[in-house]
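Undergrad: Next comes structure32.txt, compact mmCIF, C-alpha atoms and all ligand atoms:
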# COMPACT_ATOMS: atom_id res chain seq x y z
CA MET A 30 4.04 -21.12 -26.40
CA ARG A 31 3.03 -22.97 -29.57
CA PHE A 32 -0.35 -24.37 -30.52
CA ARG A 33 1.07 -27.89 -30.31
CA ASP A 34 2.03 -27.33 -26.65
CA ILE A 35 -1.63 -26.94 -25.76
CA PRO A 36 -3.79 -30.07 -25.60
CA ALA A 37 -7.27 -30.10 -27.20
CA HIS A 38 -9.16 -27.03 -28.54
CA GLU A 39 -8.38 -27.99 -32.14
CA SER A 40 -11.29 -26.13 -33.75
CA ALA A 41 -10.42 -22.93 -31.86
CA LYS A 42 -6.82 -23.22 -33.08
CA GLU A 43 -8.11 -23.62 -36.60
CA ARG A 44 -10.18 -20.46 -36.30
CA LEU A 45 -7.19 -18.52 -34.99
CA ARG A 46 -5.00 -19.74 -37.86
CA ASN A 47 -7.71 -18.73 -40.28
CA PHE A 48 -7.82 -15.17 -38.96
CA VAL A 49 -4.15 -14.88 -39.89
CA LYS A 50 -4.47 -16.72 -43.18
CA THR A 51 -7.34 -14.56 -44.41
CA ASP A 52 -5.80 -11.42 -42.90
CA LYS A 53 -8.94 -10.80 -40.86
CA ILE A 54 -7.61 -10.70 -37.34
CA PRO A 55 -10.20 -9.12 -35.03
CA HIS A 56 -9.03 -6.04 -33.17
CA ALA A 57 -10.67 -7.28 -30.01
CA LEU A 58 -10.89 -11.00 -29.45
CA LEU A 59 -12.32 -12.67 -26.38
CA ILE A 60 -11.38 -16.21 -25.47
CA GLU A 61 -13.84 -17.40 -22.85
CA GLY A 62 -14.61 -20.62 -21.03
CA PRO A 63 -14.27 -22.37 -17.69
CA ASP A 64 -11.24 -22.10 -15.46
CA GLY A 65 -8.19 -24.31 -15.94
CA ILE A 66 -8.52 -25.31 -19.59
CA GLY A 67 -5.62 -23.40 -21.17
CA LYS A 68 -7.34 -20.27 -22.50
CA PHE A 69 -4.47 -17.93 -21.72
CA ALA A 70 -1.96 -20.40 -23.12
CA LEU A 71 -3.96 -20.35 -26.34
CA ALA A 72 -3.92 -16.54 -26.39
CA ARG A 73 -0.14 -16.59 -25.95
CA ALA A 74 0.24 -19.16 -28.73
CA PHE A 75 -1.91 -16.98 -30.97
CA ALA A 76 0.24 -13.89 -30.31
CA GLN A 77 3.41 -15.88 -31.01
CA TYR A 78 1.85 -17.27 -34.19
CA ILE A 79 1.01 -13.77 -35.41
CA HIS A 80 4.52 -12.50 -34.74
CA CYS A 81 6.44 -15.58 -35.92
CA GLU A 82 8.68 -14.85 -38.88
CA ASN A 83 8.66 -18.40 -40.14
CA ARG A 84 5.25 -20.01 -39.56
CA GLN A 85 5.09 -23.65 -40.55
CA ASP A 86 2.57 -26.50 -40.38
CA GLY A 87 -0.04 -24.23 -38.88
CA ASP A 88 2.14 -23.29 -35.95
CA SER A 89 4.83 -20.81 -34.96
CA CYS A 90 8.37 -22.07 -35.56
CA GLY A 91 9.64 -21.71 -31.99
CA MET A 92 13.08 -20.67 -33.25
CA CYS A 93 12.96 -17.30 -35.00
CA PRO A 94 13.89 -14.15 -33.04
CA ALA A 95 10.21 -13.26 -32.52
CA CYS A 96 9.44 -16.72 -31.13
CA MET A 97 12.49 -16.62 -28.87
CA GLN A 98 11.34 -13.28 -27.48
CA HIS A 99 7.88 -14.68 -26.88
CA ILE A 100 9.32 -17.68 -25.09
CA SER A 101 11.28 -15.42 -22.73
CA PHE A 102 8.34 -12.96 -22.29
CA ASN A 103 10.44 -10.24 -23.88
CA HIS A 104 8.62 -9.54 -27.11
CA ILE A 105 8.65 -5.78 -27.50
CA ASP A 106 5.25 -5.62 -29.21
CA THR A 107 3.46 -7.92 -26.79
CA HIS A 108 2.01 -6.44 -23.63
CA PHE A 109 0.39 -8.16 -20.70
CA VAL A 110 -2.40 -6.69 -18.65
CA PHE A 111 -3.58 -8.54 -15.56
CA PRO A 112 -5.24 -7.83 -12.21
CA VAL A 113 -3.04 -6.57 -9.41
CA VAL A 114 -3.43 -5.16 -5.93
CA LYS A 115 -2.61 -1.55 -5.21
CA LYS A 116 0.77 -0.94 -3.67
CA ASN A 117 1.07 1.86 -1.12
CA LYS A 118 3.97 3.38 -3.00
CA PRO A 119 4.17 4.43 -5.74
CA LYS A 120 0.62 5.72 -5.94
CA LYS A 121 -0.13 4.29 -9.37
CA SER A 122 -0.80 0.59 -9.79
CA PHE A 123 -0.27 -1.38 -12.91
CA SER A 124 0.75 -4.75 -14.16
CA ASP A 125 4.42 -3.87 -14.64
CA ASP A 126 4.77 -3.47 -10.86
CA TYR A 127 4.43 -7.22 -10.74
CA ILE A 128 6.11 -8.24 -13.97
CA VAL A 129 8.70 -10.44 -12.25
CA GLU A 130 6.00 -12.31 -10.32
CA TRP A 131 3.93 -12.52 -13.49
CA ASN A 132 6.71 -14.10 -15.56
CA ASP A 133 7.33 -16.66 -12.83
CA PHE A 134 3.61 -17.35 -12.66
CA LEU A 135 3.37 -17.96 -16.42
CA ASN A 136 6.45 -20.15 -16.33
CA GLU A 137 5.28 -22.26 -13.46
CA ASN A 138 1.91 -23.31 -14.82
CA PRO A 139 0.38 -22.23 -18.13
CA TYR A 140 -3.10 -23.05 -16.77
CA MET A 141 -3.17 -19.91 -14.60
CA ASP A 142 -4.27 -20.93 -11.11
CA PHE A 143 -5.86 -17.75 -9.72
CA GLU A 144 -5.21 -18.85 -6.12
CA LYS A 145 -1.50 -19.09 -6.96
CA TRP A 146 -1.64 -15.60 -8.45
CA LEU A 147 -2.99 -14.27 -5.16
CA ILE A 148 -0.05 -15.91 -3.42
CA ALA A 149 2.31 -14.28 -5.94
CA LEU A 150 0.68 -10.92 -5.15
CA ASP A 151 1.47 -11.73 -1.55
CA ASN A 152 -2.12 -11.28 -0.48
CA VAL A 153 -4.36 -14.35 -0.47
CA ASN A 154 -7.40 -12.33 0.59
CA ALA A 155 -6.97 -9.68 -2.07
CA GLN A 156 -9.48 -8.74 -4.74
CA PRO A 157 -7.10 -7.72 -7.51
CA HIS A 158 -8.29 -5.37 -10.24
CA ILE A 159 -7.15 -3.82 -13.47
CA TYR A 160 -7.03 -0.14 -12.55
CA VAL A 161 -7.25 2.97 -14.69
CA ASP A 162 -3.52 3.56 -14.32
CA GLU A 163 -3.14 0.47 -16.42
CA SER A 164 -4.79 1.91 -19.50
CA GLU A 165 -2.80 5.15 -19.21
CA GLU A 166 0.41 3.20 -18.98
CA LEU A 167 -0.61 1.00 -21.88
CA ILE A 168 -1.42 3.96 -24.11
CA ARG A 169 1.96 5.45 -23.26
CA LYS A 170 3.74 2.21 -24.09
CA LEU A 171 1.86 1.64 -27.31
CA ASN A 172 2.68 5.15 -28.49
CA PHE A 173 6.32 5.06 -27.65
CA THR A 174 7.51 1.59 -28.41
CA SER A 175 9.51 1.37 -31.60
CA HIS A 176 7.63 -1.61 -32.80
CA LYS A 177 9.09 -4.02 -35.31
CA ALA A 178 6.08 -6.20 -35.88
CA ARG A 179 3.03 -5.35 -37.94
CA TYR A 180 0.80 -5.82 -34.91
CA LYS A 181 1.16 -4.81 -31.33
CA ILE A 182 -0.69 -7.32 -29.19
CA VAL A 183 -2.17 -6.75 -25.76
CA LEU A 184 -3.05 -9.90 -23.83
CA VAL A 185 -5.54 -9.12 -21.09
CA TRP A 186 -6.03 -11.74 -18.41
CA LEU A 187 -9.41 -11.54 -16.62
CA PRO A 188 -11.01 -8.43 -18.15
CA GLU A 189 -13.93 -9.07 -15.75
CA ARG A 190 -11.69 -7.48 -13.14
CA MET A 191 -11.24 -4.24 -15.07
CA ASN A 192 -12.77 -1.13 -13.60
CA GLU A 193 -15.00 1.12 -15.68
CA GLU A 194 -12.67 4.05 -16.03
CA CYS A 195 -9.96 1.76 -17.34
CA ALA A 196 -12.36 0.07 -19.76
CA ASN A 197 -13.48 3.41 -21.17
CA LYS A 198 -9.93 4.48 -21.92
CA LEU A 199 -9.16 1.15 -23.55
CA LEU A 200 -12.25 1.45 -25.71
CA LYS A 201 -10.77 4.44 -27.47
CA LEU A 202 -7.84 2.29 -28.50
CA ILE A 203 -10.04 -0.55 -29.64
CA GLU A 204 -12.21 1.72 -31.73
CA GLU A 205 -9.45 3.64 -33.42
CA PRO A 206 -10.03 2.83 -37.10
CA HIS A 207 -6.54 2.31 -38.46
CA ASN A 208 -4.87 0.97 -35.43
CA ASP A 209 -2.33 -1.77 -35.45
CA THR A 210 -3.10 -2.98 -31.95
CA LEU A 211 -4.83 -6.26 -31.27
CA PHE A 212 -6.49 -7.01 -27.97
CA VAL A 213 -6.90 -10.57 -26.84
CA PHE A 214 -9.04 -10.81 -23.71
CA VAL A 215 -9.13 -14.06 -21.75
CA SER A 216 -12.01 -14.50 -19.34
CA ASN A 217 -13.35 -17.09 -16.90
CA ASN A 218 -16.54 -15.08 -16.29
CA PRO A 219 -17.51 -13.25 -19.48
CA LYS A 220 -20.86 -12.23 -17.95
CA GLU A 221 -18.99 -9.95 -15.57
CA ILE A 222 -17.10 -8.09 -18.29
CA LEU A 223 -18.33 -4.52 -18.75
CA PRO A 224 -20.81 -4.54 -21.65
CA THR A 225 -18.97 -1.73 -23.46
CA ILE A 226 -15.96 -4.00 -23.86
CA TYR A 227 -17.82 -7.27 -24.23
CA SER A 228 -20.01 -6.06 -27.06
CA ARG A 229 -16.99 -5.04 -29.14
CA THR A 230 -15.25 -8.39 -29.03
CA GLN A 231 -15.34 -11.33 -31.35
CA ARG A 232 -15.67 -14.38 -29.19
CA ILE A 233 -14.21 -17.84 -29.11
CA GLU A 234 -15.67 -20.14 -26.50
CA LEU A 235 -13.58 -23.03 -25.23
CA LYS A 236 -15.04 -26.12 -23.56
CA ARG A 237 -13.86 -28.06 -20.51
CA LEU A 238 -11.03 -30.50 -21.18
CA PRO A 239 -11.89 -34.17 -21.73
CA ASP A 240 -10.79 -36.52 -18.91
CA ASP A 241 -8.35 -38.43 -21.13
CA VAL A 242 -6.58 -35.21 -22.17
CA ILE A 243 -6.09 -34.28 -18.53
CA ALA A 244 -4.98 -37.78 -17.60
CA SER A 245 -2.39 -37.88 -20.39
CA HIS A 246 -1.01 -34.52 -19.30
CA LEU A 247 -0.70 -35.73 -15.70
CA SER A 248 0.91 -38.99 -16.66
CA GLU A 249 3.42 -37.30 -19.01
CA ASN A 250 4.34 -34.38 -16.80
CA TYR A 251 4.01 -35.72 -13.30
CA SER A 252 4.89 -39.40 -13.85
CA ILE A 253 1.60 -40.76 -12.61
CA GLU A 254 0.24 -44.11 -13.81
CA MET A 255 -2.55 -43.71 -16.36
CA GLN A 256 -5.23 -45.37 -14.19
CA ASP A 257 -4.44 -43.09 -11.25
CA ALA A 258 -4.34 -40.12 -13.61
CA MET A 259 -7.81 -41.03 -14.93
CA ALA A 260 -9.19 -41.20 -11.39
CA ILE A 261 -7.77 -37.72 -10.63
CA ALA A 262 -9.02 -36.35 -13.97
CA HIS A 263 -12.53 -37.56 -13.29
CA ILE A 264 -12.71 -35.69 -9.99
CA ALA A 265 -11.16 -32.56 -11.58
CA ASP A 266 -14.18 -32.13 -13.88
CA GLY A 267 -12.32 -30.86 -16.94
CA ASN A 268 -10.15 -28.41 -15.02
CA MET A 269 -6.39 -28.90 -15.31
CA ILE A 270 -5.67 -26.72 -12.30
CA ALA A 271 -7.93 -28.86 -10.13
CA ALA A 272 -6.26 -31.96 -11.56
CA ILE A 273 -2.76 -30.72 -10.79
CA ASN A 274 -3.86 -29.80 -7.28
CA GLY A 275 -5.46 -33.23 -7.15
CA ILE A 276 -2.02 -34.83 -7.32
CA THR A 277 -1.30 -33.59 -3.81
CA LEU A 278 -4.69 -34.88 -2.76
CA ASN A 279 -3.76 -38.15 -4.38
CA ARG A 280 -0.82 -38.44 -2.00
CA GLU A 281 -3.19 -37.82 0.91
CA ASN A 282 -5.47 -40.45 -0.60
CA SER A 283 -2.88 -43.17 -0.30
CA ARG A 284 -2.59 -42.49 3.44
CA PHE A 285 -6.39 -42.52 3.67
CA LEU A 286 -6.59 -45.78 1.76
CA GLU A 287 -4.13 -47.35 4.19
CA LEU A 288 -6.27 -46.27 7.16
CA PHE A 289 -9.45 -47.41 5.44
CA ILE A 290 -7.98 -50.86 4.76
CA GLN A 291 -6.81 -51.16 8.36
CA LEU A 292 -10.26 -50.34 9.67
CA MET A 293 -11.99 -52.83 7.37
CA ARG A 294 -9.54 -55.62 8.28
CA LEU A 295 -9.78 -54.95 12.01
CA ALA A 296 -13.58 -54.79 11.82
CA TYR A 297 -13.75 -58.03 9.88
CA GLN A 298 -11.48 -59.74 12.40
CA ARG A 299 -13.24 -58.05 15.33
CA LYS A 300 -9.97 -56.88 16.82
CA VAL A 301 -11.50 -54.37 19.18
CA LYS A 302 -8.30 -53.60 21.06
CA ASP A 303 -6.45 -52.74 17.84
CA MET A 304 -9.41 -50.64 16.79
CA LYS A 305 -8.85 -48.48 19.85
CA GLN A 306 -5.30 -47.88 18.61
CA TRP A 307 -6.61 -47.18 15.10
CA SER A 308 -9.01 -44.53 16.47
CA ASN A 309 -6.14 -42.86 18.29
CA ASP A 310 -4.02 -42.88 15.12
CA VAL A 311 -6.74 -41.28 13.03
CA ALA A 312 -7.55 -38.79 15.80
CA SER A 313 -3.95 -37.57 15.61
CA LEU A 314 -4.42 -36.42 11.99
CA GLY A 315 -6.04 -33.17 13.03
CA ARG A 316 -9.67 -32.22 12.61
CA GLU A 317 -9.67 -31.07 8.99
CA GLN A 318 -7.90 -34.14 7.75
CA GLU A 319 -10.17 -36.41 9.82
CA VAL A 320 -13.17 -34.82 8.17
CA ARG A 321 -11.66 -35.37 4.72
CA PHE A 322 -10.77 -38.94 5.67
CA LEU A 323 -14.36 -39.71 6.61
CA GLY A 324 -15.50 -38.20 3.31
CA TYR A 325 -13.01 -40.47 1.60
CA CYS A 326 -14.42 -43.54 3.43
CA GLN A 327 -17.92 -42.70 2.20
CA ARG A 328 -16.66 -42.45 -1.35
CA MET A 329 -14.92 -45.84 -0.96
CA MET A 330 -18.12 -47.48 0.27
CA ARG A 331 -20.01 -46.12 -2.70
CA GLU A 332 -17.31 -47.18 -5.16
CA ASN A 333 -17.10 -50.65 -3.67
CA PHE A 334 -20.82 -51.09 -3.96
CA ILE A 335 -20.66 -50.03 -7.63
CA TYR A 336 -17.69 -52.37 -8.12
CA ASN A 337 -20.08 -55.28 -7.47
CA LEU A 338 -22.38 -54.14 -10.23
CA ASN A 339 -19.64 -54.71 -12.83
CA VAL A 340 -20.06 -51.38 -14.58
CA GLY A 341 -16.42 -50.47 -15.02
CA GLU A 342 -17.10 -47.11 -16.63
CA LEU A 343 -18.89 -45.91 -13.51
CA ASN A 344 -16.03 -46.92 -11.24
CA TYR A 345 -13.43 -44.34 -10.30
CA LEU A 346 -10.90 -46.22 -8.26
CA ASN A 347 -7.17 -45.79 -8.63
CA ARG A 348 -4.91 -48.81 -8.93
CA ALA A 349 -4.27 -49.39 -5.23
CA GLU A 350 -7.94 -48.89 -4.42
CA SER A 351 -9.15 -51.35 -7.03
CA GLN A 352 -6.63 -53.94 -5.86
CA PHE A 353 -8.17 -53.80 -2.41
CA SER A 354 -11.70 -53.70 -3.76
CA ALA A 355 -11.22 -56.90 -5.73
CA ASN A 356 -11.54 -58.77 -2.42
CA PHE A 357 -13.38 -56.29 -0.28
CA ALA A 358 -16.24 -55.15 -2.53
CA ARG A 359 -18.38 -58.24 -1.83
CA PHE A 360 -18.81 -57.07 1.79
CA VAL A 361 -20.57 -53.89 0.66
CA THR A 362 -24.01 -54.93 -0.51
CA GLU A 363 -27.50 -53.54 -0.91
CA ARG A 364 -28.19 -54.69 2.64
CA ASN A 365 -25.59 -52.50 4.33
CA VAL A 366 -24.32 -49.84 1.90
CA ILE A 367 -26.71 -47.10 2.96
CA LYS A 368 -26.14 -47.73 6.66
CA LEU A 369 -22.37 -47.79 6.20
CA ILE A 370 -22.42 -44.43 4.45
CA GLU A 371 -24.78 -43.06 7.10
CA VAL A 372 -22.57 -43.96 10.06
CA LEU A 373 -19.52 -42.54 8.29
CA ASN A 374 -21.40 -39.37 7.48
CA LYS A 375 -22.64 -39.06 11.07
CA ALA A 376 -19.06 -39.40 12.36
CA GLN A 377 -17.92 -36.76 9.87
CA ILE A 378 -20.59 -34.34 11.08
CA ASP A 379 -19.78 -35.03 14.72
CA ILE A 380 -16.09 -34.41 14.22
CA SER A 381 -16.57 -31.22 12.23
CA GLY A 382 -18.89 -30.09 15.03
CA ASN A 383 -16.02 -30.43 17.52
CA GLY A 384 -16.92 -33.89 18.84
CA ASN A 385 -14.16 -35.81 20.62
CA ALA A 386 -12.45 -37.53 17.69
CA LYS A 387 -11.13 -40.55 19.62
CA ILE A 388 -14.59 -41.37 20.99
CA VAL A 389 -16.42 -40.71 17.72
CA LEU A 390 -13.97 -42.81 15.72
CA PHE A 391 -13.96 -45.74 18.14
CA ASP A 392 -17.74 -45.71 18.22
CA LEU A 393 -17.73 -45.68 14.42
CA ALA A 394 -15.32 -48.64 14.29
CA ILE A 395 -17.63 -50.74 16.49
CA LYS A 396 -20.64 -49.94 14.31
CA ILE A 397 -18.67 -51.00 11.24
CA ILE A 398 -18.04 -54.46 12.78
CA LEU A 399 -21.77 -54.99 13.02
CA LEU A 400 -22.56 -53.58 9.60
CA LEU A 401 -19.95 -55.62 7.73
CA LYS A 402 -21.44 -58.82 9.17
CA SER A 403 -24.96 -57.92 8.23
ZN ZN B 1 8.93 -18.22 -35.16
Output the file's structure as structure tokens, nothing else.
Ligand SMILES: [Zn+2]
TA:
Amino acid sequence: MRFRDIPAHESAKERLRNFVKTDKIPHALLIEGPDGIGKFALARAFAQYIHCENRQDGDSCGMCPACMQHISFNHIDTHFVFPVVKKNKPKKSFSDDYIVEWNDFLNENPYMDFEKWLIALDNVNAQPHIYVDESEELIRKLNFTSHKARYKIVLVWLPERMNEECANKLLKLIEEPHNDTLFVFVSNNPKEILPTIYSRTQRIELKRLPDDVIASHLSENYSIEMQDAMAIAHIADGNMIAAINGITLNRENSRFLELFIQLMRLAYQRKVKDMKQWSNDVASLGREQEVRFLGYCQRMMRENFIYNLNVGELNYLNRAESQFSANFARFVTERNVIKLIEVLNKAQIDISGNGNAKIVLFDLAIKIILLLKS
């Protein structure tokens, strides 16, 4: 991982480079900030930068033996510590039990989706921790590895999940005066880190990612049109993991848009018989999807109303949606917008409360005929 592979966070990268340049690398560094912004990727890039034998242009070279080892997660002086669940056997539990899963996890998505990590641990309801066995194992490894590099680096993902006994043992390492070990902690919830550890770290705080950075990443890596990518990025609220998950939602959205357009056309043309069929189609989606669909319809009503106000920067419609809205928006006015959202919301509540979907949806369709004409 190189600095240039990570979008944004330029001032943080500059600080990290400066630590190396001035030979003042903190022995315990904490990179903190919201979920899904690339904190751990930055920690990895920092470790690679420190170890690189041929740094150039403020970045690691990506080609020297040290870089190659970093790229394949095989750098002998780089250790990963991360939360795991206890296995029944053997009795001790530490990160290396899951090193294969961990490497796959890092490879798959550098933004570290915690939910995906739970899946990798094969226990979606787990509360993984960093146990005391971890620090014992780490001390053993740090003592016995025949290190080549000047610094041994320990990258700790989610120190807020470290138990106290483990933290106390690690502290001894951190406080050792002439040690050659650097700790880089990466946290989503720094307030939950044990104060003994937290107070000994130098901190770098990263901010949420700007929408355009997320959108560019989506459009480059997932071949999504920029306008659609912007719409997804806006909903993701600066979180790349949410944005990537949003791509799947985006596929669901196009089905929802289709159903929304059908309903509006049928209501406008007062095709009551076809509306019956439409209600049956939607009712076959299954309850959870129906509830999401009705949420989607409320969002569309709101967006179409805003569309009329000609404030483009407040509009978050993807391409297909705005194509439809170009003609449809004029039907959603100050006279009916609140009522339209209300009836959709009522239907959503009824369906989540186990109402008969076919009846609720058909009833909704009839109300929409009246509201669109008003
Ligand atoms: Zn290199």
Undergrad: Got a sec to check which residues lie within 10 Å of ligand ZN 1 (chain B), using all atoms listed in the file, and send them as a list in words?
TA: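 Result of the 10 Å neighbour search around ligand ZN 1 (chain B): Arg31, Gln77, Tyr78, Ile79, His80, Cys81, Glu82, Asn83, Arg84, Gln85, Asp88, Ser89, Cys90, Gly91, Met92, Cys93, Pro94, Ala95, Cys96, Met97, Gln98 and His99 of chain A.
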Undergrad: Take the residues that were just selected and, keeping C-alpha atoms, output them as an mmCIF file, keeping the file's coordinate frame.
TA:
data_model
loop_
_atom_site.group_PDB
_atom_site.id
_atom_site.type_symbol
_atom_site.label_atom_id
_atom_site.label_comp_id
_atom_site.auth_asym_id
_atom_site.auth_seq_id
_atom_site.Cartn_x
_atom_site.Cartn_y
_atom_site.Cartn_z
ATOM 1 C CA ARG A 31 3.030 -22.970 -29.570
ATOM 2 C CA GLN A 77 3.410 -15.880 -31.010
ATOM 3 C CA TYR A 78 1.850 -17.270 -34.190
ATOM 4 C CA ILE A 79 1.010 -13.770 -35.410
ATOM 5 C CA HIS A 80 4.520 -12.500 -34.740
ATOM 6 C CA CYS A 81 6.440 -15.580 -35.920
ATOM 7 C CA GLU A 82 8.680 -14.850 -38.880
ATOM 8 C CA ASN A 83 8.660 -18.400 -40.140
ATOM 9 C CA ARG A 84 5.250 -20.010 -39.560
ATOM 10 C CA GLN A 85 5.090 -23.650 -40.550
ATOM 11 C CA ASP A 88 2.140 -23.290 -35.950
ATOM 12 C CA SER A 89 4.830 -20.810 -34.960
ATOM 13 C CA CYS A 90 8.370 -22.070 -35.560
ATOM 14 C CA GLY A 91 9.640 -21.710 -31.990
ATOM 15 C CA MET A 92 13.080 -20.670 -33.250
ATOM 16 C CA CYS A 93 12.960 -17.300 -35.000
ATOM 17 C CA PRO A 94 13.890 -14.150 -33.040
ATOM 18 C CA ALA A 95 10.210 -13.260 -32.520
ATOM 19 C CA CYS A 96 9.440 -16.720 -31.130
ATOM 20 C CA MET A 97 12.490 -16.620 -28.870
ATOM 21 C CA GLN A 98 11.340 -13.280 -27.480
ATOM 22 C CA HIS A 99 7.880 -14.680 -26.880
#
Undergrad: Using all atoms listed in the file, which of the listed residues (A:Val361, A:Val311, A:Ala265, A:Ile253) sits closest to Asn333 of chain A?
TA: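 With all atoms listed in the file as the atom set, the closest residue is A:Val361.
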Undergrad: Rounded to one decimal, what separation in Å do you get between atom CA of Asp392 of chain A and atom CA of Ala376 of chain A?
TA: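 Here the two named atoms are 8.7 Å from each other.
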Undergrad: Could you jot down the atom CA of Lys375 of chain A to atom CA of Arg316 of chain A separation for me, Å, one decimal place?
TA: 14.7 Å
Undergrad: Residues within 8 Å of Ile270 of chain A, please, as a tab-separated table (two decimals) with C-alpha atoms, in the frame of the given file. Count all atoms listed in the file; anything in the same chain fewer than 6 positions from it doesn't count.
TA:
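Heads up, here's the output in around18.tsv:
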chain	number	residue	atom	x	y	z
A	64	ASP	CA	-11.24	-22.10	-15.46
A	65	GLY	CA	-8.19	-24.31	-15.94
A	66	ILE	CA	-8.52	-25.31	-19.59
A	140	TYR	CA	-3.10	-23.05	-16.77
A	141	MET	CA	-3.17	-19.91	-14.60
A	142	ASP	CA	-4.27	-20.93	-11.11
Undergrad: How far is it from atom CA of Leu399 of chain A to atom CA of Arg284 of chain A, in Å with one decimal?
TA: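 That distance, rounded to one decimal, is 24.8 Å.
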Undergrad: Mind listing as a list in words all residues within 12 Å of (-18.8, -53.7, -10.0), counting all atoms listed in the file?
TA: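 The residues that fall inside the cut-off are Arg331, Glu332, Asn333, Phe334, Ile335, Tyr336, Asn337, Leu338, Asn339, Val340, Gly341, Glu342, Leu343, Asn344, Tyr345, Leu346, Ser351, Ser354, Ala355, Asn356, Phe357, Ala358, Arg359, Val361 and Thr362 of chain A.
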Undergrad: Within 12 Å of (-12.5, 3.0, -22.1) in the file's own coordinates, which protein, DNA or RNA residues have an atom, counting all atoms listed in the file? List them as a PyMOL selection string.
TA: chain A and resi 160-165+168+191-205+223-227+229
Undergrad: Between A:Pro188, A:Glu249, A:Lys177, A:Lys368, which has the minimum distance to Lys220 of chain A (counting all atoms listed in the file)?
TA: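 Looking only at the distances to Lys220 of chain A, the closest residue turns out to be A:Pro188.
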Undergrad: Give me the segment 310-367 of chain A side of the contact with segment 271-281 of chain A, cut-off 10 Å, one line per residue showing its nearest atom pair and distance in Å at one decimal, counting only C-alpha atoms, sorted by chain and residue number, as CSV.
TA:
residue,atom,partner,partner_atom,distance
A:Gln318,CA,A:Glu281,CA,9.1
A:Arg321,CA,A:Glu281,CA,9.6
A:Phe322,CA,A:Glu281,CA,9.0
A:Asn347,CA,A:Asn279,CA,9.4
Undergrad: Select, from A:Ala76, A:Leu171, A:Val213, A:Ile243, the residue with the minimum atom-to-atom distance to Thr230 of chain A, counting only C-alpha atoms.
TA: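 Nearest candidate to Thr230 of chain A out of A:Ala76, A:Leu171, A:Val213, A:Ile243: A:Val213.
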Undergrad: Would you mind listing what lies within 8 Å of segment 43-50 of chain A as a PyMOL selection string, with all atoms listed in the file counted and same-chain residues fewer than 5 positions away left out?
TA: chain A and resi 55+75+79+87
Undergrad: Would you save the residues of that selection, restricted to C-alpha atoms, as a compact mmCIF listing (two decimals), in the frame of the given file?
TA:
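New file result19.txt:
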# COMPACT_ATOMS: atom_id res chain seq x y z
CA PRO A 55 -10.20 -9.12 -35.03
CA PHE A 75 -1.91 -16.98 -30.97
CA ILE A 79 1.01 -13.77 -35.41
CA GLY A 87 -0.04 -24.23 -38.88
Undergrad: Of the residues A:Leu314, A:Ala260, A:Ile367, A:Ala296, which is the one nearest to Lys396 of chain A, using all atoms listed in the file?
TA: A:Ala296
Undergrad: From the set A:Ile60, A:Met304, A:Ile182, A:Leu187, which residue has the shortest atom-to-atom contact distance to Phe143 of chain A, counting all atoms listed in the file?
TA: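 Ranked by minimum distance to Phe143 of chain A, first place goes to A:Leu187.
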Undergrad: Taking only C-alpha atoms into account, which of A:Val372, A:Ala70, A:Ile148, A:Leu59 comes nearest Asn218 of chain A?
TA: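 Residue with the minimum atom-to-atom distance to Asn218 of chain A: A:Leu59.
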